[in-house]
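S.K.: Have a peek at run.txt (compact mmCIF, C-alpha atoms).
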```
# COMPACT_ATOMS: atom_id res chain seq x y z
CA MET B 1 -12.85 23.06 73.66
CA ALA B 2 -12.39 19.96 71.57
CA THR B 3 -14.13 19.64 68.22
CA THR B 4 -16.30 16.71 69.17
CA ASN B 5 -17.49 18.39 72.34
CA ASN B 6 -18.60 21.28 70.23
CA ILE B 7 -20.76 19.10 67.96
CA HIS B 8 -22.10 16.96 70.77
CA ARG B 9 -23.02 19.95 72.90
CA TYR B 10 -24.69 21.62 69.94
CA LEU B 11 -26.75 18.50 69.23
CA ASP B 12 -27.70 18.08 72.89
CA ASP B 13 -28.84 21.71 73.04
CA ALA B 14 -30.68 21.53 69.74
CA PHE B 15 -32.50 18.32 70.68
CA ALA B 16 -33.22 19.39 74.26
CA GLU B 17 -36.64 20.81 73.39
CA ILE B 18 -37.59 18.06 70.96
CA PRO B 19 -39.67 15.19 72.35
CA ARG B 20 -37.63 12.02 72.49
CA THR B 21 -38.99 9.28 70.25
CA PRO B 22 -37.17 6.42 68.53
CA GLU B 23 -37.19 8.49 65.31
CA THR B 24 -35.74 11.68 66.77
CA ALA B 25 -33.10 9.75 68.73
CA ASP B 26 -32.17 7.94 65.53
CA LEU B 27 -32.01 11.19 63.58
CA LYS B 28 -29.78 12.76 66.24
CA GLU B 29 -27.29 9.89 66.00
CA GLU B 30 -27.32 10.02 62.21
CA ILE B 31 -26.70 13.80 62.19
CA ARG B 32 -23.89 13.29 64.70
CA GLY B 33 -22.11 10.83 62.41
CA ASN B 34 -22.53 13.05 59.36
CA LEU B 35 -21.36 16.17 61.20
CA GLN B 36 -18.26 14.34 62.34
CA ALA B 37 -17.52 13.28 58.77
CA ARG B 38 -17.93 16.86 57.53
CA VAL B 39 -15.67 18.21 60.30
CA THR B 40 -13.02 15.63 59.42
CA GLU B 41 -13.22 16.70 55.78
CA LEU B 42 -12.87 20.40 56.66
CA GLU B 43 -9.93 19.67 58.95
CA THR B 44 -8.21 17.68 56.22
CA ASN B 45 -8.56 20.77 54.02
CA GLY B 46 -6.75 22.82 56.65
CA SER B 47 -9.50 24.25 58.89
CA LYS B 48 -8.94 24.69 62.60
CA PRO B 49 -11.00 22.22 64.67
CA ASP B 50 -13.26 24.89 66.19
CA ALA B 51 -13.79 26.66 62.89
CA ALA B 52 -14.52 23.34 61.18
CA ALA B 53 -17.16 22.43 63.77
CA ALA B 54 -18.75 25.88 63.52
CA LYS B 55 -18.88 25.69 59.71
CA ALA B 56 -20.31 22.17 59.69
CA ILE B 57 -23.03 23.23 62.14
CA LYS B 58 -23.81 26.34 60.10
CA GLU B 59 -24.15 24.30 56.91
CA LEU B 60 -26.52 21.93 58.64
CA GLY B 61 -29.12 24.66 59.02
CA PRO B 62 -31.78 24.80 61.71
CA ILE B 63 -32.36 21.46 63.42
CA ASN B 64 -36.09 22.14 63.69
CA GLU B 65 -36.36 21.95 59.92
CA LEU B 66 -34.70 18.51 59.98
CA VAL B 67 -36.94 17.25 62.74
CA ASP B 68 -40.04 18.60 61.01
CA SER B 69 -38.95 16.80 57.87
CA ILE B 70 -39.36 13.44 59.61
CA GLY B 71 -42.22 14.46 61.89
CA ASP B 72 -44.93 13.18 59.55
CA SER B 73 -44.91 9.68 61.00
CA GLU B 74 -48.15 8.71 62.69
CA PRO B 75 -47.89 7.73 66.35
CA THR B 76 -48.03 3.98 66.74
CA THR B 77 -49.25 2.59 70.03
CA SER B 78 -49.23 -1.19 69.62
CA PRO B 79 -46.15 -2.68 71.32
CA ALA B 80 -45.69 -5.07 68.39
CA ASP B 81 -45.56 -2.14 65.95
CA THR B 82 -43.12 -0.31 68.20
CA ALA B 83 -40.99 -3.44 68.41
CA VAL B 84 -40.86 -3.86 64.64
CA LYS B 85 -39.95 -0.20 64.27
CA LEU B 86 -37.27 -0.34 66.96
CA ILE B 87 -35.68 -3.41 65.41
CA ALA B 88 -35.61 -1.78 61.97
CA LEU B 89 -34.20 1.49 63.31
CA ASN B 90 -31.41 -0.16 65.27
CA ARG B 91 -30.27 -2.78 62.80
CA VAL B 92 -26.48 -3.07 62.62
CA LYS B 93 -25.22 -4.98 59.64
CA PRO B 94 -22.15 -7.14 60.33
CA SER B 95 -19.37 -6.69 57.80
CA PRO B 96 -19.10 -9.61 55.33
CA GLY B 97 -15.42 -10.10 56.14
CA TYR B 98 -16.25 -10.66 59.78
CA VAL B 99 -18.97 -13.18 58.94
CA VAL B 100 -16.67 -15.13 56.63
CA ARG B 101 -13.85 -15.16 59.20
CA THR B 102 -16.17 -16.34 61.96
CA VAL B 103 -17.69 -19.12 59.85
CA LEU B 104 -14.21 -20.31 58.81
CA LEU B 105 -12.92 -20.25 62.38
CA SER B 106 -16.03 -22.07 63.59
CA LEU B 107 -15.47 -24.83 61.03
CA LEU B 108 -11.83 -25.13 62.09
CA LEU B 109 -12.94 -25.16 65.73
CA ALA B 110 -15.45 -27.94 65.04
CA CYS B 111 -12.73 -29.98 63.27
CA GLY B 112 -10.31 -29.45 66.17
CA VAL B 113 -12.83 -30.43 68.85
CA THR B 114 -13.88 -33.51 66.86
CA LEU B 115 -10.26 -34.59 66.36
CA VAL B 116 -9.42 -34.17 70.04
CA THR B 117 -12.58 -35.99 71.19
CA VAL B 118 -12.24 -38.91 68.79
CA GLY B 119 -8.47 -39.13 69.32
CA SER B 120 -8.84 -39.19 73.11
CA ILE B 121 -11.56 -41.87 73.05
CA LEU B 122 -9.66 -44.08 70.58
CA GLY B 123 -6.42 -43.51 72.49
CA GLY B 124 -8.14 -44.29 75.77
CA LEU B 125 -9.42 -47.56 74.30
CA GLY B 126 -5.92 -48.31 73.07
CA ILE B 127 -6.84 -48.52 69.36
CA ALA B 128 -5.21 -45.30 68.14
CA ASP B 129 -1.70 -45.13 66.79
CA PHE B 130 1.09 -43.12 68.36
CA TRP B 131 0.90 -40.15 65.99
CA LEU B 132 -2.81 -39.60 66.49
CA VAL B 133 -2.35 -39.58 70.26
CA SER B 134 0.75 -37.40 70.33
CA ALA B 135 -0.93 -34.76 68.12
CA LEU B 136 -3.74 -34.25 70.65
CA PRO B 137 -2.10 -31.46 72.72
CA VAL B 138 -1.25 -29.46 69.58
CA GLU B 139 -4.80 -29.88 68.28
CA SER B 140 -6.12 -28.74 71.65
CA VAL B 141 -4.03 -25.57 71.53
CA PHE B 142 -5.31 -24.79 68.03
CA ALA B 143 -8.94 -25.49 68.95
CA GLY B 144 -8.53 -23.21 71.99
CA LEU B 145 -6.96 -20.53 69.82
CA PHE B 146 -9.85 -20.65 67.32
CA LEU B 147 -12.42 -20.41 70.10
CA GLY B 148 -10.52 -17.57 71.78
CA VAL B 149 -10.33 -15.56 68.56
CA ILE B 150 -14.05 -16.12 67.83
CA VAL B 151 -15.05 -15.05 71.34
CA ALA B 152 -12.79 -11.98 71.50
CA HIS B 153 -13.76 -10.92 68.00
CA ALA B 154 -17.50 -11.34 68.58
CA LEU B 155 -17.51 -9.42 71.86
CA GLY B 156 -15.60 -6.52 70.32
CA ARG B 157 -18.22 -5.94 67.61
CA GLU B 158 -21.26 -3.77 67.81
CA THR B 159 -24.44 -5.73 67.09
CA SER B 160 -28.06 -4.71 66.73
CA HIS B 161 -28.68 -5.66 70.36
CA HIS B 162 -25.37 -4.96 72.08
CA TYR B 163 -22.68 -2.33 72.30
CA PRO B 164 -19.15 -3.64 71.77
CA THR B 165 -17.22 -4.84 74.80
CA LYS B 166 -14.10 -2.87 75.71
CA PRO B 167 -11.17 -4.31 73.68
CA THR B 168 -9.22 -5.33 76.79
CA ARG B 169 -12.26 -7.14 78.24
CA ALA B 170 -12.99 -8.82 74.92
CA LEU B 171 -9.37 -9.99 74.87
CA GLY B 172 -9.75 -11.24 78.45
CA PHE B 173 -12.82 -13.28 77.54
CA GLY B 174 -10.97 -14.60 74.49
CA LEU B 175 -7.96 -15.67 76.56
CA ALA B 176 -10.21 -17.28 79.17
CA ALA B 177 -12.02 -19.26 76.46
CA PHE B 178 -8.63 -20.22 74.96
CA ALA B 179 -7.30 -21.43 78.31
CA GLY B 180 -10.52 -23.30 79.08
CA LEU B 181 -10.75 -25.28 75.86
CA THR B 182 -7.02 -25.96 75.71
CA GLY B 183 -7.12 -27.17 79.32
CA LEU B 184 -10.04 -29.49 78.60
CA GLY B 185 -8.21 -30.77 75.51
CA PHE B 186 -5.08 -31.53 77.58
CA ALA B 187 -7.17 -33.32 80.19
CA ALA B 188 -8.85 -35.36 77.44
CA ALA B 189 -5.45 -36.12 75.91
CA TRP B 190 -4.33 -37.42 79.29
CA PHE B 191 -6.89 -40.24 79.00
CA ALA B 192 -5.26 -41.37 75.77
CA ASN B 193 -1.71 -40.73 76.88
CA PRO B 194 -1.30 -40.65 80.69
CA LEU B 195 1.54 -38.16 80.99
CA LEU B 196 1.48 -36.24 84.25
CA TRP B 197 2.30 -32.85 82.67
CA LEU B 198 -0.80 -33.10 80.47
CA LEU B 199 -3.08 -33.55 83.47
CA VAL B 200 -1.36 -30.85 85.55
CA THR B 201 -1.29 -28.29 82.71
CA GLY B 202 -4.83 -29.15 81.64
CA CYS B 203 -6.31 -28.77 85.11
CA GLY B 204 -4.23 -25.65 85.70
CA LEU B 205 -5.46 -24.02 82.50
CA ALA B 206 -9.07 -25.01 83.22
CA LEU B 207 -8.77 -23.54 86.71
CA VAL B 208 -7.23 -20.30 85.39
CA SER B 209 -9.99 -20.10 82.79
CA LEU B 210 -12.67 -20.64 85.40
CA MET B 211 -11.24 -17.94 87.65
CA ALA B 212 -10.89 -15.56 84.72
CA PHE B 213 -14.51 -16.16 83.67
CA VAL B 214 -15.71 -15.59 87.23
CA ALA B 215 -13.64 -12.40 87.56
CA LEU B 216 -14.84 -11.10 84.18
CA GLY B 217 -18.39 -12.20 84.84
CA VAL B 218 -18.82 -10.45 88.18
CA THR B 219 -17.31 -7.22 86.84
CA GLN B 220 -19.37 -7.28 83.62
CA THR B 221 -21.65 -4.28 83.15
CA ASN B 222 -24.65 -3.92 80.91
CA ARG B 223 -24.01 -4.16 77.15
CA GLN B 224 -27.61 -4.14 75.97
CA LYS B 225 -28.74 -1.15 73.98
CA PRO B 226 -31.47 1.04 75.45
CA TRP B 227 -33.99 -0.07 72.83
CA VAL B 228 -33.50 -3.73 73.84
CA LYS B 229 -34.10 -2.82 77.46
CA GLU B 230 -37.17 -0.83 76.47
CA LEU B 231 -38.48 -3.77 74.49
CA ASN B 232 -37.82 -6.15 77.38
CA ARG B 233 -39.76 -3.85 79.69
CA ALA B 234 -42.67 -3.65 77.26
CA TYR B 235 -42.81 -7.43 77.05
CA ALA B 236 -42.11 -8.10 80.72
CA VAL B 237 -44.47 -10.82 81.90
CA GLU B 238 -45.94 -10.63 85.38
CA ASP B 239 -42.85 -12.02 87.08
CA ARG B 240 -43.20 -12.06 90.84
CA PHE B 241 -39.64 -13.25 91.38
CA SER B 242 -38.22 -9.91 90.24
CA GLN B 243 -41.19 -7.67 91.01
CA ASP B 244 -42.06 -8.86 94.49
CA PRO B 245 -38.86 -9.56 96.49
CA ALA B 246 -40.77 -10.37 99.70
CA SER B 247 -42.71 -13.17 97.99
CA ALA B 248 -39.52 -14.41 96.35
CA ALA B 249 -37.77 -14.61 99.74
CA ARG B 250 -40.78 -16.40 101.24
CA PHE B 251 -40.77 -18.83 98.33
CA GLY B 252 -37.08 -19.56 98.93
CA LEU B 253 -37.71 -20.38 102.60
CA TYR B 254 -40.71 -22.59 101.73
CA THR B 255 -38.56 -24.47 99.22
CA VAL B 256 -35.88 -25.19 101.81
CA VAL B 257 -38.47 -26.38 104.37
CA ILE B 258 -40.27 -28.61 101.86
CA TRP B 259 -37.11 -30.35 100.68
CA VAL B 260 -35.59 -30.71 104.15
CA LEU B 261 -38.81 -32.38 105.31
CA ALA B 262 -39.01 -34.52 102.15
CA PHE B 263 -35.44 -35.77 102.55
CA ALA B 264 -35.90 -36.36 106.26
CA GLY B 265 -39.06 -38.31 105.47
CA PHE B 266 -37.19 -40.26 102.78
CA VAL B 267 -34.40 -41.23 105.17
CA VAL B 268 -36.76 -42.14 108.00
CA LEU B 269 -39.03 -44.22 105.72
CA SER B 270 -36.01 -45.90 104.09
CA ILE B 271 -34.82 -47.09 107.52
CA THR B 272 -38.21 -48.04 108.93
CA VAL B 273 -40.30 -49.21 105.92
CA GLY B 274 -37.66 -49.74 103.22
CA PHE B 275 -36.85 -48.36 99.77
CA ALA B 276 -40.03 -49.76 98.26
CA TRP B 277 -42.10 -46.94 99.77
CA SER B 278 -39.66 -44.29 100.96
CA TRP B 279 -39.51 -42.57 97.52
CA LEU B 280 -43.10 -41.45 98.10
CA ALA B 281 -41.70 -38.85 100.52
CA LEU B 282 -39.71 -37.26 97.68
CA LEU B 283 -42.75 -37.43 95.38
CA ALA B 284 -44.86 -35.68 98.02
CA GLY B 285 -42.13 -33.07 98.43
CA LEU B 286 -42.11 -32.48 94.66
CA ALA B 287 -45.91 -32.15 94.55
CA VAL B 288 -45.97 -29.64 97.40
CA PHE B 289 -43.07 -27.74 95.81
CA PHE B 290 -44.97 -27.36 92.53
CA LEU B 291 -48.10 -26.22 94.37
CA VAL B 292 -46.05 -23.52 96.09
CA LEU B 293 -44.42 -22.59 92.77
CA ALA B 294 -47.82 -22.29 91.10
CA ARG B 295 -49.06 -20.12 93.93
CA MET B 296 -45.93 -18.00 93.58
CA LEU B 297 -46.25 -17.47 89.83
CA PHE B 298 -50.03 -17.10 89.67
CA PRO B 299 -51.21 -15.54 92.93
CA ALA B 300 -54.83 -16.19 93.87
CA ASP B 301 -55.61 -12.49 94.34
CA SER B 302 -53.81 -11.15 91.31
CA ASN B 303 -55.86 -7.96 91.25
CA LYS B 304 -54.22 -6.92 94.49
CA LYS B 305 -51.07 -5.13 93.41
CA MET G 1 -40.14 26.76 38.50
CA ASP G 2 -40.57 29.98 40.38
CA THR G 3 -37.06 31.30 40.73
CA ASN G 4 -38.03 34.92 41.32
CA LYS G 5 -37.52 34.67 45.07
CA THR G 6 -33.75 34.56 44.64
CA ALA G 7 -31.88 36.56 42.05
CA PRO G 8 -32.69 34.74 38.80
CA GLN G 9 -29.19 35.29 37.41
CA SER G 10 -27.40 33.69 40.38
CA GLU G 11 -28.15 30.10 39.33
CA ALA G 12 -28.30 28.86 35.82
CA PHE G 13 -30.93 26.27 36.68
CA ALA G 14 -34.27 25.96 38.41
CA SER G 15 -33.60 24.51 41.84
CA ASP G 16 -37.26 23.61 42.25
CA LEU G 17 -37.07 21.44 39.17
CA LEU G 18 -33.94 19.82 40.54
CA ARG G 19 -35.49 19.33 43.96
CA GLY G 20 -38.27 17.33 42.35
CA HIS G 21 -35.66 14.75 41.37
CA THR G 22 -33.90 14.47 44.72
CA ASP G 23 -35.14 10.92 45.29
CA THR G 24 -33.83 9.76 41.93
CA ILE G 25 -30.53 11.61 42.41
CA VAL G 26 -30.00 9.95 45.80
CA LEU G 27 -30.92 6.54 44.40
CA GLY G 28 -28.40 7.20 41.63
CA THR G 29 -25.56 7.81 44.09
CA LEU G 30 -26.35 4.45 45.70
CA ARG G 31 -26.38 2.42 42.46
CA ASP G 32 -22.84 1.10 42.78
CA THR G 33 -22.12 1.18 46.48
CA GLU G 34 -23.70 1.73 49.87
CA ARG G 35 -23.04 5.12 51.45
CA TYR G 36 -23.74 7.08 54.61
CA GLY G 37 -25.48 10.45 54.70
CA PHE G 38 -22.52 12.77 54.42
CA GLU G 39 -21.00 10.64 51.67
CA ILE G 40 -24.19 11.01 49.62
CA TYR G 41 -24.19 14.77 50.25
CA LYS G 42 -20.55 14.99 49.22
CA THR G 43 -21.06 12.87 46.12
CA ILE G 44 -23.85 15.15 44.89
CA ARG G 45 -21.90 18.32 45.76
CA ASP G 46 -18.71 17.11 44.06
CA ALA G 47 -20.53 15.74 41.01
CA THR G 48 -21.75 19.23 40.13
CA GLY G 49 -18.42 20.82 41.00
CA GLY G 50 -20.09 22.62 43.90
CA ASP G 51 -22.69 24.34 41.68
CA TYR G 52 -25.57 22.62 43.39
CA GLU G 53 -25.59 21.94 47.11
CA ILE G 54 -28.59 20.00 48.20
CA LYS G 55 -30.13 21.16 51.47
CA GLU G 56 -29.44 18.73 54.30
CA ALA G 57 -32.98 18.95 55.60
CA THR G 58 -34.19 17.84 52.16
CA LEU G 59 -31.69 15.01 52.21
CA TYR G 60 -32.75 13.66 55.60
CA ALA G 61 -36.40 13.82 54.56
CA THR G 62 -35.50 11.96 51.37
CA PHE G 63 -33.71 9.21 53.29
CA ARG G 64 -36.77 8.74 55.50
CA ARG G 65 -39.12 8.58 52.54
CA LEU G 66 -36.94 6.16 50.58
CA VAL G 67 -36.59 3.84 53.58
CA LYS G 68 -40.33 4.00 54.24
CA ASP G 69 -41.07 3.10 50.63
CA GLY G 70 -38.57 0.24 50.73
CA LEU G 71 -36.41 1.74 47.98
CA VAL G 72 -33.33 1.75 50.23
CA ASP G 73 -32.34 -0.20 53.33
CA ALA G 74 -30.86 1.63 56.29
CA TYR G 75 -28.55 0.12 58.86
CA TRP G 76 -25.85 1.18 61.29
CA GLY G 77 -22.27 0.38 60.35
CA ASP G 78 -20.39 -1.72 62.89
CA GLU G 79 -17.09 0.16 62.53
CA THR G 80 -15.76 0.81 66.00
CA GLN G 81 -13.50 3.84 65.44
CA GLY G 82 -14.88 7.28 64.60
CA GLY G 83 -18.53 8.29 64.79
CA ARG G 84 -21.35 5.87 64.11
CA ARG G 85 -22.61 6.01 60.57
CA LYS G 86 -25.99 5.14 59.20
CA TYR G 87 -25.58 3.50 55.84
CA TYR G 88 -28.06 3.34 53.00
CA ARG G 89 -28.18 0.61 50.38
CA ILE G 90 -30.40 0.56 47.33
CA THR G 91 -32.89 -2.31 47.13
CA ASP G 92 -34.07 -4.10 44.00
CA ALA G 93 -37.26 -2.04 44.19
CA GLY G 94 -35.09 1.09 44.42
CA ARG G 95 -33.15 0.06 41.32
CA ALA G 96 -36.38 -0.49 39.39
CA VAL G 97 -37.73 2.93 40.43
CA TYR G 98 -34.41 4.58 39.55
CA THR G 99 -34.33 3.03 36.06
CA ARG G 100 -37.94 4.00 35.44
CA ASN G 101 -37.43 7.57 36.67
CA VAL G 102 -34.35 8.01 34.48
CA SER G 103 -36.14 6.79 31.36
CA ASP G 104 -39.16 8.96 32.26
CA TRP G 105 -36.84 11.95 32.57
CA ASN G 106 -35.15 11.21 29.27
CA ALA G 107 -38.52 11.00 27.53
CA THR G 108 -39.74 14.19 29.21
CA GLN G 109 -36.53 15.98 28.35
CA ARG G 110 -36.88 15.04 24.68
CA ILE G 111 -40.47 16.25 24.59
CA ILE G 112 -39.69 19.54 26.32
CA ASN G 113 -36.70 20.17 24.08
CA THR G 114 -38.84 19.50 21.02
CA LEU G 115 -41.63 21.72 22.32
CA LEU G 116 -39.24 24.55 23.13
CA GLY G 117 -37.80 24.25 19.62
CA THR G 118 -34.26 23.75 20.83
CA LYS G 119 -31.97 20.99 19.72
CA GLY G 120 -31.53 18.31 22.40
CA THR G 121 -28.07 17.36 23.48
CA ASN G 122 -28.83 13.65 23.31
```
Write the structure described by the file as C-alpha cells, please.
M.R.:
Amino acid sequence: MATTNNIHRYLDDAFAEIPRTPETADLKEEIRGNLQARVTELETNGSKPDAAAAKAIKELGPINELVDSIGDSEPTTSPADTAVKLIALNRVKPSPGYVVRTVLLSLLLACGVTLVTVGSILGGLGIADFWLVSALPVESVFAGLFLGVIVAHALGRETSHHYPTKPTRALGFGLAAFAGLTGLGFAAAWFANPLLWLLVTGCGLALVSLMAFVALGVTQTNRQKPWVKELNRAYAVEDRFSQDPASAARFGLYTVVIWVLAFAGFVVLSITVGFAWSWLALLAGLAVFFLVLARMLFPADSNKK
Amino acid sequence: MDTNKTAPQSEAFASDLLRGHTDTIVLGTLRDTERYGFEIYKTIRDATGGDYEIKEATLYATFRRLVKDGLVDAYWGDETQGGRRKYYRITDAGRAVYTRNVSDWNATQRIINTLLGTKGTN
C-alpha cells in the first residue's frame, strides 16, 4: 500500500463520522497537507513509507480532539454569512512571481497588439514606411506568444474559485491562443503588405486555432471548486430556463413562430405597402417576443411549482 | 502549574505555563516568514531541540483562534506539486499583539524572579 493511500484512507475513516461542514472539510485538507509534510520528513530521515505514515498518524493523536478544538464556532444560517466564510476559507493566494510575470507579459502583449494594429492601418493607408510594415509578422508572432504563455500559465494555476487545468490542456489552450492571435496579426499585416503567404498562413492559423478551441471547449470538464458550486446554488435565482425544460422548449418554439411571422409580415408589407410602414411588422414581432419572454421569466402563477 | 499528573522529574518545565503562551509562540514563528502548519510545528520542536513538542490539537485550535481574531491570515498555497498546504501569515495586528505579549512576559518574568529571590538571567 502506498504511503499516500495510507494517510488518505486514515483521514477518510477518521472523518467519516464527523458531520461535514466547511470548517471540518477545511481542517481535513489542512491535516492532510501537514501529514504529508511530516511523512516526507520521516522518509528523508530513512523511515520506510509505511512506517513513516504510521508514525505521522500516531503523532497526530485522536482526530476527535482536533475536531472538538474547532467545534466552538456557532452555526451561521444566513447565506451571506456562509458566503463570506466560504470565501475566506478557500482563499488561494497567487504567488508574487506569477503576478509580476503576468503583468509584464500583459504589458508586452498590449504593446504588440497596438503595434500590429497601428502598423496595419498605417500600412493599409500607405503612409507607413517599409520597416514598420515588414516588422508586422514578427510582432504578431511575439504578441501571440505572450498571449499563449499568459493563457497556459493562468489555466495551470489553482485559484480561489478553480482547480488548475491539466498541464497538457493548459498548454493546448495556450497554443490555440497563440495560433489565433498570430493568425489575426498575419491577416492584419496582409492589409498593409498584400503578400499571399501572409493571408494564407494567417487564415490557416486562425482556422487551426478555432478548431483547437472548439475541440478543447467541448471536452472541457468542470473546474469550479465545490464551494463555488454550493454558493451558486444558494444564490440561484428562479431561472425557468434551466429549472423548467418544458417551458424553455415551448419558449423556443414561440420565438421561432413570432419571428417567422414578423419577417413574413415585413416582406409582404414591404412589397405591398412599402418600406415606410413595413418595419412595424418587426416592431410588433419584438413587442410580442418581449411579452412572451416576460411571461417565461415571471410566470403568472408562480406559486404553482 | 499542576505538574503532578505526570512524573514531575520528567520535564524541567511546567507545560501548562508554556501552553498559556502558545499563541505568542506561534505568532513568533511567523514574524519573519509565512509558514504552513507542519512547518510551524517543526520550527517549535527544533527550536527547543525536541525538549518541548507542542500537541497538534493545541496547534490547530491556536490557528483557528488566531485567524478568528485577525492576528494571522490563512490562505491555501497555489503550489501544484505535493499536498496542498494552508499557509499562515502574521498581520499587523498580530505583530502588535506579539510585541505586547513579549514585553508583558519580560516584565512578569522580572517580577517573578525578584519575588522568588533568584537572580534573573536578563
S.K.: Ranking B:Ser106, B:Thr24, B:Ser120, B:Ser242 by minimum distance to chain G and counting only C-alpha atoms, which one comes first?
M.R.: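 Between B:Ser106, B:Thr24, B:Ser120, B:Ser242, the residue approaching chain G most closely is B:Thr24.
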S.K.: Considering all atoms listed in the file, return as a ChimeraX atom specification whatever protein or nucleic-acid residues lie within 12 Å of Thr58 of chain G, sequence-local ones (same chain, fewer than 4 positions apart) excluded.
M.R.: /B:60-61,63,65-70 /G:16,18-23,26,37,41,53-54,62-65
S.K.: Please provide as a compact mmCIF listing (two decimals) with C-alpha atoms, keeping the file's coordinate frame all residues within 8 Å of Tyr88 of chain G, with the sequence filter that same-chain residues fewer than 6 positions apart are discarded (counting only C-alpha atoms).
M.R.:
```txt
# COMPACT_ATOMS: atom_id res chain seq x y z
CA LEU G 30 -26.35 4.45 45.70
CA GLU G 34 -23.70 1.73 49.87
CA ARG G 35 -23.04 5.12 51.45
CA TYR G 36 -23.74 7.08 54.61
CA GLY G 37 -25.48 10.45 54.70
CA VAL G 72 -33.33 1.75 50.23
CA ASP G 73 -32.34 -0.20 53.33
CA ALA G 74 -30.86 1.63 56.29
CA TYR G 75 -28.55 0.12 58.86
```
S.K.: Write out as JSON lines the residues of chain B that have any atom within 7 Å of an atom of chain G, one row each with the nearest atom pair and its distance in Å to one decimal, counting all atoms listed in the file, sorted by chain and then rising number.
M.R.:
```
{"residue": "B:Glu30", "atom": "CA", "partner": "G:Lys86", "partner_atom": "CA", "distance": 5.9}
{"residue": "B:Gly33", "atom": "CA", "partner": "G:Gly83", "partner_atom": "CA", "distance": 5.0}
{"residue": "B:Asn34", "atom": "CA", "partner": "G:Phe38", "partner_atom": "CA", "distance": 4.9}
{"residue": "B:Gln36", "atom": "CA", "partner": "G:Gly83", "partner_atom": "CA", "distance": 6.5}
{"residue": "B:Ala37", "atom": "CA", "partner": "G:Phe38", "partner_atom": "CA", "distance": 6.6}
{"residue": "B:Arg38", "atom": "CA", "partner": "G:Phe38", "partner_atom": "CA", "distance": 6.9}
{"residue": "B:Leu60", "atom": "CA", "partner": "G:Glu56", "partner_atom": "CA", "distance": 6.1}
{"residue": "B:Glu65", "atom": "CA", "partner": "G:Ala57", "partner_atom": "CA", "distance": 6.3}
{"residue": "B:Leu66", "atom": "CA", "partner": "G:Ala57", "partner_atom": "CA", "distance": 4.7}
{"residue": "B:Ser69", "atom": "CA", "partner": "G:Ala61", "partner_atom": "CA", "distance": 5.1}
{"residue": "B:Ile70", "atom": "CA", "partner": "G:Ala61", "partner_atom": "CA", "distance": 5.9}
{"residue": "B:Asn90", "atom": "CA", "partner": "G:Trp76", "partner_atom": "CA", "distance": 7.0}
{"residue": "B:Arg91", "atom": "CA", "partner": "G:Tyr75", "partner_atom": "CA", "distance": 5.2}
{"residue": "B:Val92", "atom": "CA", "partner": "G:Trp76", "partner_atom": "CA", "distance": 4.5}
{"residue": "B:Lys93", "atom": "CA", "partner": "G:Tyr75", "partner_atom": "CA", "distance": 6.1}
{"residue": "B:Pro94", "atom": "CA", "partner": "G:Asp78", "partner_atom": "CA", "distance": 6.2}
{"residue": "B:Arg157", "atom": "CA", "partner": "G:Asp78", "partner_atom": "CA", "distance": 6.7}
{"residue": "B:Glu158", "atom": "CA", "partner": "G:Asp78", "partner_atom": "CA", "distance": 5.4}
```
S.K.: Restricting it to C-alpha atoms, dump the selection as a tab-separated table (two decimals), keeping the file's coordinate frame.
M.R.:
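The result, stored in selection_12.tsv:
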```
chain	number	residue	atom	x	y	z
B	30	GLU	CA	-27.32	10.02	62.21
B	33	GLY	CA	-22.11	10.83	62.41
B	34	ASN	CA	-22.53	13.05	59.36
B	36	GLN	CA	-18.26	14.34	62.34
B	37	ALA	CA	-17.52	13.28	58.77
B	38	ARG	CA	-17.93	16.86	57.53
B	60	LEU	CA	-26.52	21.93	58.64
B	65	GLU	CA	-36.36	21.95	59.92
B	66	LEU	CA	-34.70	18.51	59.98
B	69	SER	CA	-38.95	16.80	57.87
B	70	ILE	CA	-39.36	13.44	59.61
B	90	ASN	CA	-31.41	-0.16	65.27
B	91	ARG	CA	-30.27	-2.78	62.80
B	92	VAL	CA	-26.48	-3.07	62.62
B	93	LYS	CA	-25.22	-4.98	59.64
B	94	PRO	CA	-22.15	-7.14	60.33
B	157	ARG	CA	-18.22	-5.94	67.61
B	158	GLU	CA	-21.26	-3.77	67.81
```
S.K.: When you draw a straight line from atom CA of Gly123 of chain B to atom CA of Cys203 of chain B, how long is it in Å?
M.R.: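 Between these atoms lies a distance of 19.4 Å.
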S.K.: Find the residues around segment 286-290 of chain B up to 9 Å (only C-alpha atoms counted), leave out those fewer than 6 positions away in its own chain, and share them as an MDAnalysis selection string.
M.R.: chainID B and resid 254:255 258:259 262
S.K.: Name all residues at most 9 Å from Asn6 of chain B (count only C-alpha atoms; drop same-chain ones fewer than 6 positions away) and give them as a list in words.
M.R.: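 Here the qualifying residues turn out to be Asp50, Ala53 and Ala54 of chain B.
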S.K.: Using atom CA of Ile112 of chain G and atom CA of Arg31 of chain G as the two end points, give the distance in Å to one decimal.
M.R.: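 Between atom CA of Ile112 of chain G and atom CA of Arg31 of chain G the gap works out to 27.0 Å.
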S.K.: Per residue of segment 33-116 of chain B within 8 Å of segment 138-156 of chain B, note the shortest atom pair and the distance in Å to one decimal, counting all atoms listed in the file, and order the rows by chain and increasing residue number, as a tab-separated table.
M.R.:
```
residue	atom	partner	partner_atom	distance
B:Thr102	CA	B:Ile150	CA	6.2
B:Leu105	CA	B:Phe146	CA	5.8
B:Ser106	CA	B:Phe146	CA	7.4
B:Leu108	CA	B:Phe146	CA	7.2
B:Leu109	CA	B:Ala143	CA	5.1
B:Ala110	CA	B:Ala143	CA	8.0
B:Gly112	CA	B:Ala143	CA	5.0
B:Val113	CA	B:Ala143	CA	6.3
B:Leu115	CA	B:Glu139	CA	7.5
B:Val116	CA	B:Glu139	CA	6.5
```
S.K.: Quick one: of B:Leu198, B:Thr117, B:Leu125, B:Ala83, who's nearest to Ala234 of chain B, counting all atoms listed in the file?
M.R.: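 Checking each of B:Leu198, B:Thr117, B:Leu125, B:Ala83 against Ala234 of chain B, counting all atoms listed in the file, the winner is B:Ala83.
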S.K.: For atom CA of Thr182 of chain B and atom CA of Val100 of chain B, determine how far apart the two atoms are, in Å to one decimal place.
M.R.: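 Here the two named atoms are 24.0 Å from each other.
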S.K.: Which residues, written as a list in words, have at least one atom at most 7 Å from segment 92-105 of chain G, with all atoms listed in the file counted and residues fewer than 6 positions away on the same chain left out?
M.R.: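 Here the qualifying residues turn out to be Thr24, Leu27, Gly28, Leu71 and Val72 of chain G.
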